[in-house]
There are 2 protein chains.
Amino acid sequence: MAEGKDAFSHFQEHSVAEFFKKNRQMLGFSGKTKSMTTIIHEAVSNSLDACEEAGILPELKVVIRELGEYHFLVHIEDNGPGIPKQYLGKALGQMLAGTKFHRYVQQRGQQGIGISGVSMYSLLTTGKHPRITSSYKNKKLSCELSLDLKTNRAELLNLVEEDNPDGKTGLTYEAEFKDVEYKRSDQGVYEYLRRTALANPHASISITEPNGESSSFPRVIESNPKRPREIQPHPLGISAHDLLDLAHAQKENRKISAFLQNSLARVSANKVSELRTLVPDVDFDKEPSDMSWEDAEKIVQSFKQVKWIAPETDSIVPIGKEQIEKSFNNIFTPEIISVTERSPKIYRGGVPFMVEAAIAYGGGIAHAGKKGDMMRFANRVPLLFDAGGCAITESIKSVEWSRYGLKNFEEEPVVVLVNFVSVHVPYTGAGKQAVSTEEDVFDEIKNAVMEAARGVQRYISGKRKAHEIEGKRKAILRYVEQLSGDLASLSDSKAKDSLRQKLLKLVEEKYAALEAEENGESNSENGKRETGNGNGNGASEDEE
Amino acid sequence: MAEGKDAFSHFQEHSVAEFFKKNRQMLGFSGKTKSMTTIIHEAVSNSLDACEEAGILPELKVVIRELGEYHFLVHIEDNGPGIPKQYLGKALGQMLAGTKFHRYVQQRGQQGIGISGVSMYSLLTTGKHPRITSSYKNKKLSCELSLDLKTNRAELLNLVEEDNPDGKTGLTYEAEFKDVEYKRSDQGVYEYLRRTALANPHASISITEPNGESSSFPRVIESNPKRPREIQPHPLGISAHDLLDLAHAQKENRKISAFLQNSLARVSANKVSELRTLVPDVDFDKEPSDMSWEDAEKIVQSFKQVKWIAPETDSIVPIGKEQIEKSFNNIFTPEIISVTERSPKIYRGGVPFMVEAAIAYGGGIAHAGKKGDMMRFANRVPLLFDAGGCAITESIKSVEWSRYGLKNFEEEPVVVLVNFVSVHVPYTGAGKQAVSTEEDVFDEIKNAVMEAARGVQRYISGKRKAHEIEGKRKAILRYVEQLSGDLASLSDSKAKDSLRQKLLKLVEEKYAALEAEENGESNSENGKRETGNGNGNGASEDEE
């Protein structure tokens, strides 16, 4: 050491809460408006997940009050099942604890960090404790939540436990925050809730803003979406490490063969026989707990040589074509809408996902001043931040928009909506604002967007070309006067009038020919390219 | 519950290692080439940090061997101080453990996650253990590293401890990886090391690629950069929560007044007196352990009303103007280079940082086919991924490049380099590939880039205009032949030759006038705008 002091005297271990305290920007806590949206985002996602899992039609109430400069009280109330006492502190205050992290089921939350990060942000900026009311089954609990970031533990303070005779369940989360701001901007809470309502027509959401104004996004559909089925890992989506973990942790099966059939999707006795012939040196009759890394690796390799049925598609529940059309019409009343209905795909070998894409053009979109706008969703959750690094943004940008009549995409009155649905969304960060650009994911999003684009192509192309030709003609005619004068002087001729007449005739002839030609060409080109109507989901649609 | 099954039966707690196992894309493990670069990035950053902290001139050796399809062995060797036995497992295999996380000192690593993530990726993809050799002081240790992701613990296997009689220290890290690929691409290992060498001229780095080819980036400067000083938190950069934590954890001081002077930068006895008058109801004479949240909040608020000396600037060590020029010339031999030398700024109230920006244009850059290229660095570490969400990219894109003669920035032979230097880089994610767009950070990067741009503006403007005028003239001359024929036929004149002569004369006259005019204008405009030579660091440079 230069100074004789050992660097290792500084050695320390830290909790995940300390990590996110120092790197709160990774959870979405950077910037006052973004921080406020993050708070609502995490609480609303949890409430919707809880309601749907319990089969309850969600009813959410958000109240935001200004207590001082950049100092707000946030109150969020749902009619979900509530949380029992023994899990209350862990669920709302301990990071990486929860019911979602390890399950193969489509949910909004999937990390067990979000709302605990919100509680931490309240503590960091105000030193105060979030106040919780949880009505779970026949009990109603009220308490404050105290966090210890050094140990990543939460404690319930001033707990009051009452009976809950009417059985009305729900969770209320109320906390103070500083270093936040409430704004009705494109990335603010109001827009977040508006988009949440768009993608969750079964939810009833109300908000009281700091100025006292109350708004509500009423329920449009009187039933919850079909419940996505919780699935087992697919053989093509599991790593040797995960297989080994599963085998060593399980107690139900006494042979590897039975373990594989009971723990993975699509593995039948016949498939196990196939696997046996592919890797004869693996003993499928030994105890799963005796599986070695080499066994696991060989089994996973053999998985890739067998023909499998695709993962169950009922694990994936999209918003749906009809609903997206309805929502778009409600919000924008555009001239034309095209929505895809595609079949699920897989990424990383075996993780099922589906992409819904919609394009709306003109009408109310132009009126609202939206140009080349993108609305990103993942499992029905609006993504308002980090657009730059998101696979959805990049896929949309990579489309050759001129092929679809949208040469200057960013200047056109067009909105592209993409909803990415999966049992595991590969977010780029713990703040869950952008989808990672994995190859399969990127390609499928692009294909979905192109499919939707084909549905509006003919309409937009026709409109644009008529507009362009008229524009050209007008521009040329503006120069005829000047040109005829200049030509007359150059050629020493006095016949300015006669030149003007000749030029006008030339222009009009050319223009008429151009119009006829463009119309003809445009039709035949459309005929060639437009293999679907934007709603099909055949394989040919995926080709580019 | 809909099915009568309780969601809380699924409740679990997880380790940070399990979190990053499932979300490995957040650490940079997504895509085969990116994963390979991430491995090298983490190991090289650690080696350079260790060497510099120990005052050793870094000498790094990287060997990559292909073992099979997407299966590689990576061997990295440094001449750093090594790691003692009791910290070896934690430093290389346990997440959130290390010497860097909690310190206010400019370093490449700052999270205690990186290399442990690399060890995890080796385990996940191959089931094998990384092999370590650590020569620390008079001992030489060899072992394998076994990870338990469920508990986030590491164990040393097959440990061999020998004497290290010659005292030659260093660390060797060797591991196998699958699902990785070696490519000489813009985001590959070779480019990563080339850029590392550019920003670390005091390091000697060699690589043996999978094809057996060896290259080296030799040391250019025979001394380590000035060691950045470890600092205390600045009063303007500390939160109430952190102040309270510090006060309760410390044992050295028996009064709050003494604690503030000894634990924070720039707090003198006089300043404490000032604070006492600002918040008379806080008792500065009580034990720091008795500090309440209200006390902490009031003290932090009073900090904002006092005039403070800025944070110590010797905590920030840039690459340096001379060195950047030298490196750029070595790599690109451009026609012109402009490098800034700016003073440190602060963000989030009190975290010191500095931005270095450089612009190189033409010459070898055009030859290398680089157009509108950006080279991003943070604390001398090349950032090759996630450009989309990075404050550096966004700042560069937000510059009005036409003002600096670069109308089509993305089509010009220009490279912009930015190095962000700080005791804490606000990365957007645990993969440390992009700087978060915090307002102070964004503005300062933009100002630095504009300052560098002013240094090349006159040269590029002159060049571009000469080029444009010549281009226009050539284009016009190409049409003279056609036009003289057409005009002759329109005006019924036979004088085609005479028309051509007249047209040529017109064009040449216009062109000469244009050239003269542009030269005049260009000079006067430059004179007005160019208030510095691209190297100054006066306050006026920051204005826009």
# chains A, B, ... in the order shown; residues from 1 in each chain; ligands from 1
$ interface_residues --of "chain A" --to "chain B" --cutoff "7 Å" --atoms "only C-alpha atoms" --output "ChimeraX atom specification"
/A:1-2,7-8,10-16,25-26,54-55,96-99,124,127,241,293,386,388-389,428-429,438,491
$ residues_around --residues "Asp295 (chain A)" --least-positions-apart "6" --cutoff "12 Å" --atoms "only C-alpha atoms" --output "JSON, numbers by chain"
{"A": [240, 241, 243, 244, 247, 256, 275, 276, 279, 280, 281, 282, 283, 284, 286, 287, 288, 289, 301, 302], "B": [127]}
$ write_last_selection --atoms "C-alpha atoms" --output "mmCIF file, in the first residue's frame"
data_model
loop_
_atom_site.group_PDB
_atom_site.id
_atom_site.type_symbol
_atom_site.label_atom_id
_atom_site.label_comp_id
_atom_site.auth_asym_id
_atom_site.auth_seq_id
_atom_site.Cartn_x
_atom_site.Cartn_y
_atom_site.Cartn_z
ATOM 1 C CA ALA A 240 -29.007 -26.742 -15.648
ATOM 2 C CA HIS A 241 -28.547 -24.684 -12.491
ATOM 3 C CA LEU A 243 -32.992 -27.892 -12.698
ATOM 4 C CA LEU A 244 -30.411 -28.947 -10.134
ATOM 5 C CA ALA A 247 -34.185 -31.486 -7.922
ATOM 6 C CA ILE A 256 -35.518 -38.255 -11.391
ATOM 7 C CA LEU A 275 -34.535 -38.579 -22.933
ATOM 8 C CA ARG A 276 -33.193 -41.884 -21.599
ATOM 9 C CA VAL A 279 -28.401 -39.516 -22.591
ATOM 10 C CA PRO A 280 -27.946 -43.205 -21.676
ATOM 11 C CA ASP A 281 -25.308 -42.460 -19.026
ATOM 12 C CA VAL A 282 -27.734 -40.459 -16.872
ATOM 13 C CA ASP A 283 -29.550 -42.652 -14.342
ATOM 14 C CA PHE A 284 -33.164 -41.458 -14.379
ATOM 15 C CA LYS A 286 -31.858 -42.401 -8.922
ATOM 16 C CA GLU A 287 -32.997 -39.954 -6.260
ATOM 17 C CA PRO A 288 -33.396 -36.380 -7.506
ATOM 18 C CA SER A 289 -31.205 -35.252 -4.604
ATOM 19 C CA GLN A 301 -29.010 -30.574 -23.434
ATOM 20 C CA SER A 302 -31.216 -33.564 -24.231
ATOM 21 C CA GLY B 127 -21.797 -25.387 -12.814
#
$ select_by_dssp --residues "region 105-243 of chain A" --states "alpha helix (DSSP H)" --output "PyMOL selection string"
chain A and resi 114-126+189-199+240-243
$ calpha_fit_rmsd --fixed "chain A" --moving "chain B"
0.7 Å
$ select_by_dssp --residues "region 48-265 of chain B" --states "strand (DSSP E)" --output "number ranges by chain"
B: 59-68, 71-78, 97-98, 131-136, 139-148, 153-163, 170-178, 204-208, 214-217
$ residues_around --residues "Arg108 (chain B)" --least-positions-apart "4" --cutoff "7 Å" --atoms "only C-alpha atoms" --output "ChimeraX atom specification"
/B:45,49,379,381
$ write_last_selection --atoms "N, CA and C atoms" --output "short mmCIF file (atom, residue, chain, number, x, y, z; two decimals), in the first residue's frame"
data_model
loop_
_atom_site.label_atom_id
_atom_site.label_comp_id
_atom_site.auth_asym_id
_atom_site.auth_seq_id
_atom_site.Cartn_x
_atom_site.Cartn_y
_atom_site.Cartn_z
N SER B 45 -12.00 -3.58 -14.16
CA SER B 45 -12.26 -2.44 -13.27
C SER B 45 -11.71 -2.72 -11.88
N ASP B 49 -8.63 -0.62 -10.04
CA ASP B 49 -8.88 0.01 -8.74
C ASP B 49 -7.88 -0.48 -7.69
N ASN B 379 -15.53 7.51 -14.64
CA ASN B 379 -14.33 7.20 -13.85
C ASN B 379 -13.36 6.35 -14.66
N VAL B 381 -13.84 4.31 -16.99
CA VAL B 381 -14.34 3.01 -17.45
C VAL B 381 -15.18 3.22 -18.71
#
